[in-house]
Every structure is written in structure tokens, then in C-alpha cells.
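Raw contents of data-v8.cif, mmCIF, C-alpha atoms:
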```
data_protein
#
loop_
_atom_site.label_atom_id
_atom_site.label_comp_id
_atom_site.auth_asym_id
_atom_site.auth_seq_id
_atom_site.Cartn_x
_atom_site.Cartn_y
_atom_site.Cartn_z
CA MET A 1 5.02 -23.43 -9.52
CA LYS A 2 1.67 -22.32 -8.17
CA LEU A 3 1.43 -18.60 -7.50
CA SER A 4 -1.15 -17.10 -5.13
CA GLY A 5 -2.06 -13.43 -4.92
CA TYR A 6 -3.68 -11.97 -1.82
CA THR A 7 -5.13 -8.70 -0.60
CA THR A 8 -7.35 -7.27 2.13
CA ILE A 9 -10.43 -5.09 1.83
CA ARG A 10 -12.68 -3.06 4.11
CA ASN A 11 -15.66 -1.03 2.89
CA ALA A 12 -13.83 -0.50 -0.38
CA LYS A 13 -16.95 0.58 -2.25
CA GLN A 14 -17.75 3.29 0.26
CA MET A 15 -14.08 4.33 0.49
CA ASP A 16 -13.86 4.38 -3.31
CA TYR A 17 -10.83 2.10 -3.64
CA PRO A 18 -10.06 0.57 -7.06
CA PHE A 19 -10.31 -2.92 -5.58
CA VAL A 20 -11.99 -4.43 -8.64
CA ALA A 21 -8.99 -3.36 -10.75
CA THR A 22 -6.67 -4.74 -8.06
CA ILE A 23 -8.27 -8.18 -8.16
CA ARG A 24 -8.50 -8.31 -11.95
CA SER A 25 -4.86 -7.30 -12.12
CA LEU A 26 -3.88 -10.23 -9.89
CA LEU A 27 -5.98 -12.63 -11.94
CA THR A 28 -3.89 -11.89 -15.04
CA PHE A 29 -0.90 -13.79 -13.62
CA CYS A 30 -1.90 -15.65 -10.42
CA ASP A 31 -3.23 -19.19 -10.18
CA GLU A 32 -5.47 -18.19 -7.27
CA VAL A 33 -6.41 -14.91 -5.59
CA VAL A 34 -7.38 -14.75 -1.92
CA VAL A 35 -9.24 -11.77 -0.44
CA ALA A 36 -9.79 -11.19 3.27
CA ASP A 37 -12.73 -8.81 3.64
CA SER A 38 -14.00 -7.07 6.77
CA SER A 39 -16.61 -4.83 5.15
CA ASP A 40 -19.80 -3.85 6.94
CA GLU A 41 -22.94 -5.76 6.02
CA GLY A 42 -25.02 -3.91 3.45
CA GLU A 43 -22.20 -1.52 2.48
CA GLY A 44 -21.96 -3.10 -0.99
CA THR A 45 -18.38 -4.33 -1.22
CA LEU A 46 -19.26 -7.97 -0.49
CA ASP A 47 -21.87 -7.98 -3.27
CA MET A 48 -19.26 -6.74 -5.74
CA LEU A 49 -16.79 -9.36 -4.53
CA GLN A 50 -19.43 -12.05 -5.03
CA ASP A 51 -19.91 -10.89 -8.63
CA LEU A 52 -16.16 -11.17 -9.19
CA MET A 53 -16.15 -14.70 -7.72
CA ASP A 54 -18.94 -15.63 -10.13
CA GLU A 55 -16.71 -14.43 -12.99
CA ASP A 56 -13.60 -16.41 -12.01
CA GLU A 57 -13.38 -19.53 -9.83
CA ARG A 58 -9.76 -18.72 -8.96
CA LEU A 59 -10.98 -15.93 -6.66
CA GLN A 60 -11.73 -16.82 -3.04
CA VAL A 61 -13.20 -14.30 -0.59
CA PHE A 62 -13.20 -14.83 3.18
CA HIS A 63 -15.20 -12.47 5.36
CA VAL A 64 -13.75 -11.64 8.77
CA ASP A 65 -15.54 -9.83 11.60
CA ILE A 66 -13.13 -7.29 13.08
CA PRO A 67 -13.81 -5.10 16.16
CA TRP A 68 -13.04 -1.82 14.42
CA ASP A 69 -14.17 0.07 17.52
CA ALA A 70 -11.33 -1.41 19.63
CA PRO A 71 -8.90 1.12 21.17
CA ASN A 72 -6.02 -0.47 19.21
CA HIS A 73 -7.88 -1.35 16.01
CA GLY A 74 -4.96 -0.11 13.88
CA ILE A 75 -3.21 -3.44 14.51
CA TYR A 76 -5.87 -5.31 12.52
CA ASP A 77 -4.51 -4.16 9.16
CA GLY A 78 -1.55 -6.48 9.61
CA GLN A 79 -3.68 -9.24 11.13
CA MET A 80 -5.99 -9.16 8.11
CA LYS A 81 -2.99 -9.61 5.81
CA ALA A 82 -1.89 -12.54 7.96
CA TYR A 83 -5.37 -14.07 7.70
CA ALA A 84 -5.38 -13.79 3.89
CA ARG A 85 -1.87 -15.20 3.66
CA GLU A 86 -2.76 -18.26 5.74
CA ARG A 87 -5.45 -19.21 3.22
CA CYS A 88 -3.19 -19.18 0.19
CA THR A 89 -2.18 -22.56 -1.24
CA GLY A 90 0.49 -21.51 -3.75
CA ASP A 91 4.20 -22.24 -3.57
CA TYR A 92 4.90 -18.50 -3.72
CA LEU A 93 2.69 -15.62 -2.62
CA PHE A 94 2.27 -12.14 -4.08
CA GLN A 95 0.81 -9.47 -1.78
CA ILE A 96 -0.91 -6.33 -3.02
CA ASP A 97 -3.14 -3.65 -1.47
CA CYS A 98 -6.58 -2.66 -2.75
CA ASP A 99 -5.26 0.64 -4.16
CA GLU A 100 -2.57 -1.03 -6.27
CA VAL A 101 -2.45 -2.73 -9.67
CA CYS A 102 0.28 -4.62 -11.50
CA GLN A 103 1.89 -4.18 -14.88
CA GLU A 104 -0.42 -5.32 -17.60
CA THR A 105 1.84 -7.75 -19.44
CA GLY A 106 4.80 -9.93 -18.59
CA MET A 107 4.21 -10.13 -14.82
CA ARG A 108 4.27 -13.94 -14.58
CA GLU A 109 7.35 -14.27 -16.78
CA LYS A 110 9.20 -11.56 -14.86
CA ILE A 111 8.28 -13.10 -11.51
CA GLU A 112 9.55 -16.51 -12.62
CA GLN A 113 12.79 -14.89 -13.81
CA VAL A 114 13.22 -13.14 -10.46
CA LEU A 115 12.64 -16.37 -8.54
CA ALA A 116 15.08 -18.28 -10.74
CA LYS A 117 17.75 -15.64 -10.15
CA ALA A 118 17.04 -15.33 -6.43
CA GLY A 119 17.27 -19.06 -5.81
CA PRO A 120 15.40 -21.26 -3.32
CA GLU A 121 17.08 -19.64 -0.30
CA ALA A 122 15.17 -16.36 -0.82
CA SER A 123 12.14 -16.28 1.49
CA LEU A 124 11.08 -12.69 0.77
CA ILE A 125 11.77 -10.48 -2.24
CA ALA A 126 11.24 -6.75 -2.71
CA LEU A 127 9.93 -5.49 -6.04
CA PRO A 128 9.46 -1.99 -7.53
CA VAL A 129 6.45 0.17 -6.71
CA VAL A 130 5.52 3.40 -8.51
CA GLU A 131 4.13 5.87 -5.97
CA TYR A 132 2.04 8.61 -7.60
CA TRP A 133 1.49 12.06 -6.14
CA GLY A 134 -1.58 13.89 -7.45
CA GLY A 135 -1.60 12.15 -10.82
CA LYS A 136 0.63 10.47 -13.39
CA ASP A 137 3.08 13.34 -13.86
CA LYS A 138 4.50 13.11 -10.34
CA VAL A 139 6.13 9.92 -9.09
CA ARG A 140 7.49 10.25 -5.57
CA VAL A 141 11.17 10.05 -4.68
CA ASP A 142 10.72 10.80 -0.97
CA VAL A 143 9.58 7.24 -0.22
CA ASN A 144 11.09 3.84 -0.96
CA PRO A 145 10.60 2.67 -4.57
CA TRP A 146 10.15 -0.90 -3.35
CA LYS A 147 7.85 -2.97 -1.25
CA TRP A 148 8.04 -6.44 0.29
CA ARG A 149 6.00 -8.29 -2.29
CA LEU A 150 6.93 -11.87 -3.21
CA SER A 151 7.45 -14.59 -0.61
CA LYS A 152 7.59 -18.32 -0.05
CA ASN A 153 4.46 -19.94 1.30
CA ASP A 154 6.13 -20.78 4.59
CA PRO A 155 3.86 -21.25 7.65
CA LYS A 156 6.60 -19.69 9.77
CA ILE A 157 6.13 -16.37 7.93
CA THR A 158 3.24 -14.02 8.70
CA HIS A 159 2.38 -10.32 8.90
CA GLY A 160 2.44 -8.26 12.06
CA ILE A 161 4.41 -6.02 14.41
CA PRO A 162 8.07 -7.01 14.95
CA TYR A 163 8.73 -8.02 18.54
CA GLN A 164 11.07 -5.08 19.23
CA MET A 165 8.41 -2.63 17.98
CA ARG A 166 5.64 -3.90 20.28
CA TRP A 167 4.38 -2.32 23.48
CA TYR A 168 1.36 -2.93 25.68
CA LYS A 169 -1.08 -0.83 27.64
CA ASP A 170 -4.01 -2.19 29.66
CA GLY A 171 -3.30 -5.59 28.14
CA LEU A 172 -3.63 -4.32 24.54
CA LEU A 173 -0.97 -4.54 21.85
CA TYR A 174 0.31 -1.37 20.15
CA ALA A 175 3.15 -0.55 17.72
CA ARG A 176 6.04 1.86 17.94
CA HIS A 177 6.86 4.20 15.07
CA GLY A 178 8.98 2.50 12.45
CA THR A 179 6.41 -0.15 11.52
CA ASP A 180 2.99 0.02 9.91
CA GLY A 181 1.98 -3.17 11.69
CA CYS A 182 2.16 -5.21 8.47
CA ASP A 183 5.81 -6.31 8.40
CA TYR A 184 6.78 -9.80 7.31
CA ILE A 185 7.79 -11.50 10.57
CA TYR A 186 8.47 -15.00 11.84
CA THR A 187 5.55 -16.50 13.75
CA ASP A 188 7.71 -18.00 16.50
CA THR A 189 10.14 -15.14 17.25
CA GLY A 190 8.49 -12.00 15.87
CA GLU A 191 11.75 -11.14 14.11
CA VAL A 192 11.64 -9.45 10.71
CA VAL A 193 12.07 -11.80 7.75
CA PRO A 194 15.25 -10.95 5.75
CA CYS A 195 14.38 -9.45 2.38
CA MET A 196 16.23 -9.68 -0.93
CA HIS A 197 16.45 -6.27 -2.62
CA PHE A 198 17.17 -5.03 -6.13
CA ILE A 199 18.55 -1.67 -4.92
CA LYS A 200 22.27 -1.17 -4.29
CA PRO A 201 23.39 1.18 -1.48
CA GLU A 202 24.74 3.74 -3.95
CA VAL A 203 21.34 3.94 -5.68
CA GLU A 204 19.61 4.49 -2.35
CA GLN A 205 22.06 7.30 -1.64
CA ILE A 206 21.16 8.93 -4.96
CA ARG A 207 17.45 8.61 -4.15
CA ARG A 208 17.91 10.37 -0.85
CA HIS A 209 19.79 13.19 -2.54
CA ALA A 210 17.13 13.32 -5.27
CA VAL A 211 14.53 14.52 -2.78
CA THR A 212 16.07 18.02 -2.94
CA ASN A 213 18.87 17.83 -5.55
CA PRO A 214 17.74 18.21 -9.22
CA GLN A 215 20.90 16.59 -10.63
CA ALA A 216 20.40 13.54 -8.45
CA THR A 217 16.73 13.51 -9.44
CA ASP A 218 17.66 13.11 -13.11
CA MET A 219 20.03 10.26 -12.28
CA TYR A 220 17.38 8.56 -10.17
CA ARG A 221 14.70 8.93 -12.86
CA TYR A 222 16.96 7.26 -15.45
CA TRP A 223 17.64 4.36 -13.06
CA PHE A 224 14.01 3.87 -12.03
CA GLN A 225 12.78 3.97 -15.64
CA SER A 226 15.07 1.06 -16.48
CA VAL A 227 13.96 -0.83 -13.35
CA ILE A 228 10.24 -0.81 -14.15
CA GLU A 229 11.00 -2.04 -17.66
CA GLN A 230 12.94 -5.05 -16.34
CA LEU A 231 11.25 -6.10 -13.10
CA PRO A 232 7.64 -6.97 -12.17
CA THR A 233 6.22 -3.65 -11.01
CA VAL A 234 3.20 -2.49 -9.03
CA TYR A 235 1.55 0.92 -9.37
CA HIS A 236 0.29 2.46 -6.12
CA PHE A 237 -2.64 4.89 -6.35
CA SER A 238 -2.89 5.85 -2.68
CA TRP A 239 -2.03 9.51 -3.40
CA TRP A 240 -3.20 9.62 -7.04
CA SER A 241 -5.98 11.92 -5.85
CA ILE A 242 -4.74 13.84 -2.84
CA ALA A 243 -8.23 15.09 -2.06
CA ALA A 244 -9.59 11.55 -2.03
CA LYS A 245 -6.73 10.46 0.24
CA ILE A 246 -7.50 13.22 2.74
CA ARG A 247 -11.13 12.08 2.76
CA LYS A 248 -9.95 8.55 3.56
CA TYR A 249 -7.96 9.99 6.46
CA LYS A 250 -11.12 11.78 7.56
CA HIS A 251 -13.28 8.66 7.55
CA PHE A 252 -10.82 5.97 8.64
CA TRP A 253 -7.04 6.24 8.37
CA ASN A 254 -6.32 9.16 10.71
CA ASP A 255 -8.01 7.33 13.57
CA SER A 256 -6.45 4.02 12.55
CA TRP A 257 -2.88 5.35 12.66
CA LEU A 258 -3.46 6.94 16.07
CA THR A 259 -4.82 3.69 17.49
CA LEU A 260 -1.98 1.64 15.97
CA TYR A 261 0.59 3.66 17.91
CA GLY A 262 -1.56 4.21 20.99
CA GLU A 263 -1.55 7.96 20.44
CA LYS A 264 -5.24 8.69 20.26
CA GLY A 265 -5.34 9.81 23.88
CA ASP A 266 -2.01 11.66 23.63
CA LYS A 267 -2.99 14.01 20.80
CA PRO A 268 -5.38 16.95 21.02
CA THR A 269 -8.95 15.92 20.23
CA GLY A 270 -9.43 15.71 16.49
CA TRP A 271 -5.70 16.00 15.68
CA ASN A 272 -4.75 15.33 12.08
CA PRO A 273 -1.73 16.13 9.88
CA PHE A 274 -3.61 18.37 7.43
CA PHE A 275 -5.62 21.02 9.28
CA GLU A 276 -5.50 22.92 12.55
CA LYS A 277 -9.03 21.75 13.36
CA PRO A 278 -10.69 18.35 13.54
CA LEU A 279 -11.30 16.64 10.20
CA SER A 280 -14.97 16.34 11.16
CA GLU A 281 -15.21 20.14 10.84
CA VAL A 282 -13.37 20.35 7.52
CA THR A 283 -15.46 20.95 4.38
CA ASP A 284 -14.99 19.37 0.96
CA GLU A 285 -13.96 22.79 -0.35
CA GLU A 286 -11.20 23.03 2.25
CA ILE A 287 -10.02 19.54 1.39
CA ALA A 288 -9.93 20.40 -2.33
CA GLU A 289 -7.91 23.54 -1.64
CA LYS A 290 -5.42 21.69 0.57
CA ALA A 291 -5.09 18.99 -2.09
CA ARG A 292 -4.32 21.59 -4.77
CA GLU A 293 -1.68 23.13 -2.51
CA LEU A 294 -0.01 19.79 -1.84
CA ALA A 295 -0.19 18.70 -5.48
CA THR A 296 1.48 21.84 -6.76
CA GLU A 297 3.82 22.88 -3.96
CA THR A 298 5.56 19.59 -3.22
CA GLY A 299 6.30 16.21 -4.74
CA GLY A 300 5.33 14.17 -1.70
CA HIS A 301 5.18 14.17 2.07
CA ILE A 302 5.09 11.44 4.73
CA PHE A 303 2.27 12.44 7.05
CA HIS A 304 3.63 11.30 10.38
CA THR A 305 3.86 15.05 10.94
CA SER A 306 2.06 18.01 9.44
CA TRP A 307 3.27 19.47 6.15
CA ILE A 308 4.65 22.97 6.74
CA GLY A 309 5.76 23.85 3.23
CA GLN A 310 8.64 21.44 2.68
CA LYS A 311 9.62 21.17 -0.99
CA THR A 312 10.42 17.74 -2.40
CA ASN A 313 11.25 16.72 -5.94
CA SER A 314 9.40 14.15 -8.01
CA ILE A 315 10.01 12.40 -11.33
CA THR A 316 7.93 11.59 -14.41
CA LEU A 317 8.17 8.13 -15.92
CA GLU A 318 7.40 6.98 -19.44
CA HIS A 319 4.76 4.29 -19.14
CA GLU A 320 1.11 3.54 -19.76
CA LEU A 321 -1.35 2.90 -16.97
CA PRO A 322 -2.72 -0.66 -16.99
CA SER A 323 -6.06 -0.76 -18.79
CA CYS A 324 -7.87 -2.16 -15.73
CA ILE A 325 -7.21 1.08 -13.78
CA LYS A 326 -7.58 3.69 -16.53
CA GLU A 327 -11.29 4.35 -16.06
CA TRP A 328 -10.90 4.74 -12.30
CA ALA A 329 -7.82 6.92 -12.70
CA GLU A 330 -9.50 9.23 -15.19
CA SER A 331 -12.60 9.62 -13.06
CA HIS A 332 -10.47 10.57 -10.04
CA SER A 333 -7.84 12.74 -11.69
CA ASP A 334 -9.83 15.95 -11.24
CA LEU A 335 -10.23 15.53 -7.46
CA SER A 336 -6.77 16.89 -6.66
CA LYS A 337 -6.71 19.72 -9.24
#
```
Could you take the file, read its structure, and then write that structure out as C-alpha cells?
Amino acid sequence: MKLSGYTTIRNAKQMDYPFVATIRSLLTFCDEVVVADSSDEGEGTLDMLQDLMDEDERLQVFHVDIPWDAPNHGIYDGQMKAYARERCTGDYLFQIDCDEVCQETGMREKIEQVLAKAGPEASLIALPVVEYWGGKDKVRVDVNPWKWRLSKNDPKITHGIPYQMRWYKDGLLYARHGTDGCDYIYTDTGEVVPCMHFIKPEVEQIRRHAVTNPQATDMYRYWFQSVIEQLPTVYHFSWWSIAAKIRKYKHFWNDSWLTLYGEKGDKPTGWNPFFEKPLSEVTDEEIAEKARELATETGGHIFHTSWIGQKTNSITLEHELPSCIKEWAESHSDLSK
């Protein structure tokens, strides 16, 4: 079996993503790694990617020019994933984002065990993801502990907006809420690809209760600890530093989400889910203070709406961070404190 890993990158040096750790993590168990990059010329990310290609011939980087000033540019996140996927040559494909890294040891063996158990009929398989909130001590329970991750290299499978979640305005494609624009879909019908899960309905019920129920939280923590010891797991650092995440919203993601759903013209100018004023007017001190509040007062929040003080539980897992991410994690841990 040939296994390909793939990811997408845009101005990752400027945005301070741990993309080098992401790529090196994939190279520990993949036979090839494909990167689709849309970084600006002279920003520095492409130079760093070239250095990584010089280190390992298994890494292939493809630069794509994307019109990031388009009114619906939020749809290009999924299209970039589709572009990277199309250039993979493995029998099975492993997708990861540029703020994620994989377990340090045993990934290939665990993946092969999962595929053997799933059987050849499985086109798409969900695997565990550890979602941090403000550092290692808080792992979120308010979001799914899985992500679509491992799939067959089938040309009929791509990334994009499911057909029932699409809408158009002035000839431009937009998404409805309920998709991030990156779903695994069939190229011919736009239907969502069925996914094989490791979570039973009763466990999902416990997770939902765990958001506010301490007893359920303990049960969920025990279950999730055993899961990450048995299955190939990815660690997601999107909210490791809450302050850094808010800055990413300020410079890119807030606008991207609004354009994905066609809401940029429907919201007040400068709307964002963190402050009652445009992010362009928010200082670093205000961001740091908001990050401290979120890190201490809640265990996670999904920012489709503003946080208004909702309390959610979190769990702490017993595990070591992969060595490839430790330096980055330590240098960013103080940003949300």
C-alpha cells in the first residue's frame, strides 16, 4: 500500500502556523506528501517549503494562484484541498491541516490496522482529533473528537460544498451553514461521501452531556484517553493560543467565513464574534485580555455566534506532545495567558 499525505497552505509564515511541523509529521509515516500552496510572492512561506523539499524528495509542493479578493473567496479553502488531493498518487490518502500534527510513533502501523479492519468497502474513515483550548490542560468536549481523515484515492471523491448546501448569487457559489466548504463529496453528484466512524451513538450522547455535566465529563475523558492510545490520532493546535487565533481571525479568517456564507454584506461593517467593534480597531492588549477571559472562563466555544459567557467543560488527557511541535507550542503558550 502506498500512502499519501496532503495539506494546504497560505501565507503560513506570516500567519505563524506550525506548517513545518505538520509536514515533518506527515513524512514520518507517508510515502509521499503533497502540499498545495497559495502564498503571496515574497511572503517567505514558499522559500521555507523549498528548503523542506530539498531535505526530502517525498515532498511535492504545487503553487496555486487564488483570487483571494473575490467576493466568495471562502470557497477556495475546499477547492485547495481538492487540488492537493488530485495530485496524490497513493492508494490511500491522509488529509491534515497546517495547524495539526500526528502522533509521533505507530501512525503507519495503526493506519494499516484500521484499514484492515475497515475492509476495502470503506471509502472514507474518521479518526480521532485532540482539540486544544488555550494550552495542553484543556481539551475540548464541545466539538466532535473526530475528523474525516483517511480515504481511498478515488477520482470520484473530492472536497467541496455538498450540493444541498450550495446557493448562488450574481453567478457566484456560496455555502449554507452546516458545511465549512471542505466536505468529502462525490464529483458527479455533490453528495457527501459516507464515512466510517469509531464512535458509537451512546458515546456521542455522553459527549454532548459532558459539555455541562461533570459526571459525564469524567466518563468521556476515560473513553477518549483509551481511544487516542489505540487509534491513529491527530493533534489540532488551532486554539492552542487563543490570542493567536483571534489575530488570525483579524487578518484572514473572519472575512473568509463571511464570504463563504455570503454574509459579508448582511453583517454590520467590521462584524466579528469577539468584539463590539471592528477587528481593525482592536489592539493587541485587547486581544490578549479577551484571550485570557476565554481561556479561563470556558472550555471552548464555536464562533458562529459571539461568546456571551457560556460555560463549557473540558478534559485533560495524559499524553506527550510530538517532538516536532514542542518548540512551537512552548513559544506560543504564553500568548493566551
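Nearest to Trp307 of chain A of all the residues A:Asp37, A:Asp99, A:Glu276, A:Glu285 is A:Glu276, counting only C-alpha atoms.
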Using all atoms listed in the file, I'd like a table of the residues in segment 229-309 of chain A that come within 10 Å of segment 8-25 of chain A; for each, show the closest atom pair and its distance in Å rounded to one decimal, ordered by chain and ascending number, as a Markdown table.
```
| residue | atom | partner | partner_atom | distance |
| --- | --- | --- | --- | --- |
| A:Val234 | CA | A:Ser25 | CA | 9.9 |
| A:Phe237 | CA | A:Pro18 | CA | 8.6 |
| A:Ser238 | CA | A:Tyr17 | CA | 8.8 |
| A:Ala244 | CA | A:Asp16 | CA | 8.4 |
| A:Lys245 | CA | A:Met15 | CA | 9.6 |
| A:Arg247 | CA | A:Met15 | CA | 8.6 |
| A:Lys248 | CA | A:Met15 | CA | 6.7 |
| A:His251 | CA | A:Met15 | CA | 8.3 |
| A:Phe252 | CA | A:Met15 | CA | 8.9 |
```
Go through the shown structure with the PyMOL selection byres ((chain A and resi 257-268) around 7) and write out the matching residues as a list of chain:residue names. A:Pro71, A:Asn72, A:His73, A:Gly74, A:Ile75, A:Tyr174, A:Ala175, A:Arg176, A:His177, A:Trp253, A:Asn254, A:Asp255, A:Ser256, A:Thr269, A:Gly270, A:Trp271
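The interatomic distance for the pair atom CA of Tyr163 of chain A and atom CA of Trp148 of chain A works out to 18.3 Å.
Separating atom CA of Leu115 of chain A from atom CA of Asn153 of chain A is a distance of 13.3 Å.
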With only C-alpha atoms as the basis for distance, which of A:Thr217, A:Thr316, A:Ser333, A:Gln310 is at the shortest distance from Trp239 of chain A? A:Ser333
Using all atoms listed in the file, find each residue in segment 226-317 of chain A having at least one atom no more than 12 Å away from segment 102-110 of chain A; report its shortest atom-to-atom pair and that distance in Å (one decimal), rows by chain then rising number, as a Markdown table.
```
| residue | atom | partner | partner_atom | distance |
| --- | --- | --- | --- | --- |
| A:Val227 | CA | A:Lys110 | CA | 11.8 |
| A:Ile228 | CA | A:Gln103 | CA | 9.0 |
| A:Glu229 | CA | A:Gln103 | CA | 9.8 |
| A:Gln230 | CA | A:Lys110 | CA | 7.7 |
| A:Leu231 | CA | A:Lys110 | CA | 6.1 |
| A:Pro232 | CA | A:Met107 | CA | 5.4 |
| A:Thr233 | CA | A:Gln103 | CA | 5.8 |
| A:Val234 | CA | A:Cys102 | CA | 4.4 |
| A:Tyr235 | CA | A:Cys102 | CA | 6.1 |
| A:His236 | CA | A:Cys102 | CA | 8.9 |
| A:Phe237 | CA | A:Cys102 | CA | 11.2 |
```
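Straight-line separation from atom CA of Arg207 of chain A to atom CA of Glu318 of chain A: 18.4 Å.
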Segment 151-159 of chain A, all listed atoms, 3 Å padding on each side: what axis-aligned box centre and edge lengths in Å to one decimal come out, as lines of an AutoDock Vina configuration file?
```
center_x = 5.0
center_y = -15.8
center_z = 4.6
size_x = 11.2
size_y = 16.9
size_z = 16.4
```
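With all atoms listed in the file as the basis for measurement, A:Cys324 is the residue among A:Cys324, A:Lys147, A:Tyr76, A:Lys250 that approaches Thr28 of chain A most closely.
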Decode the PyMOL selection byres ((chain A and resi 329) around 10) for the given file into explicit residues and return them as a PyMOL selection string. chain A and resi 18+135-136+237+240-241+321+323-328+330-334
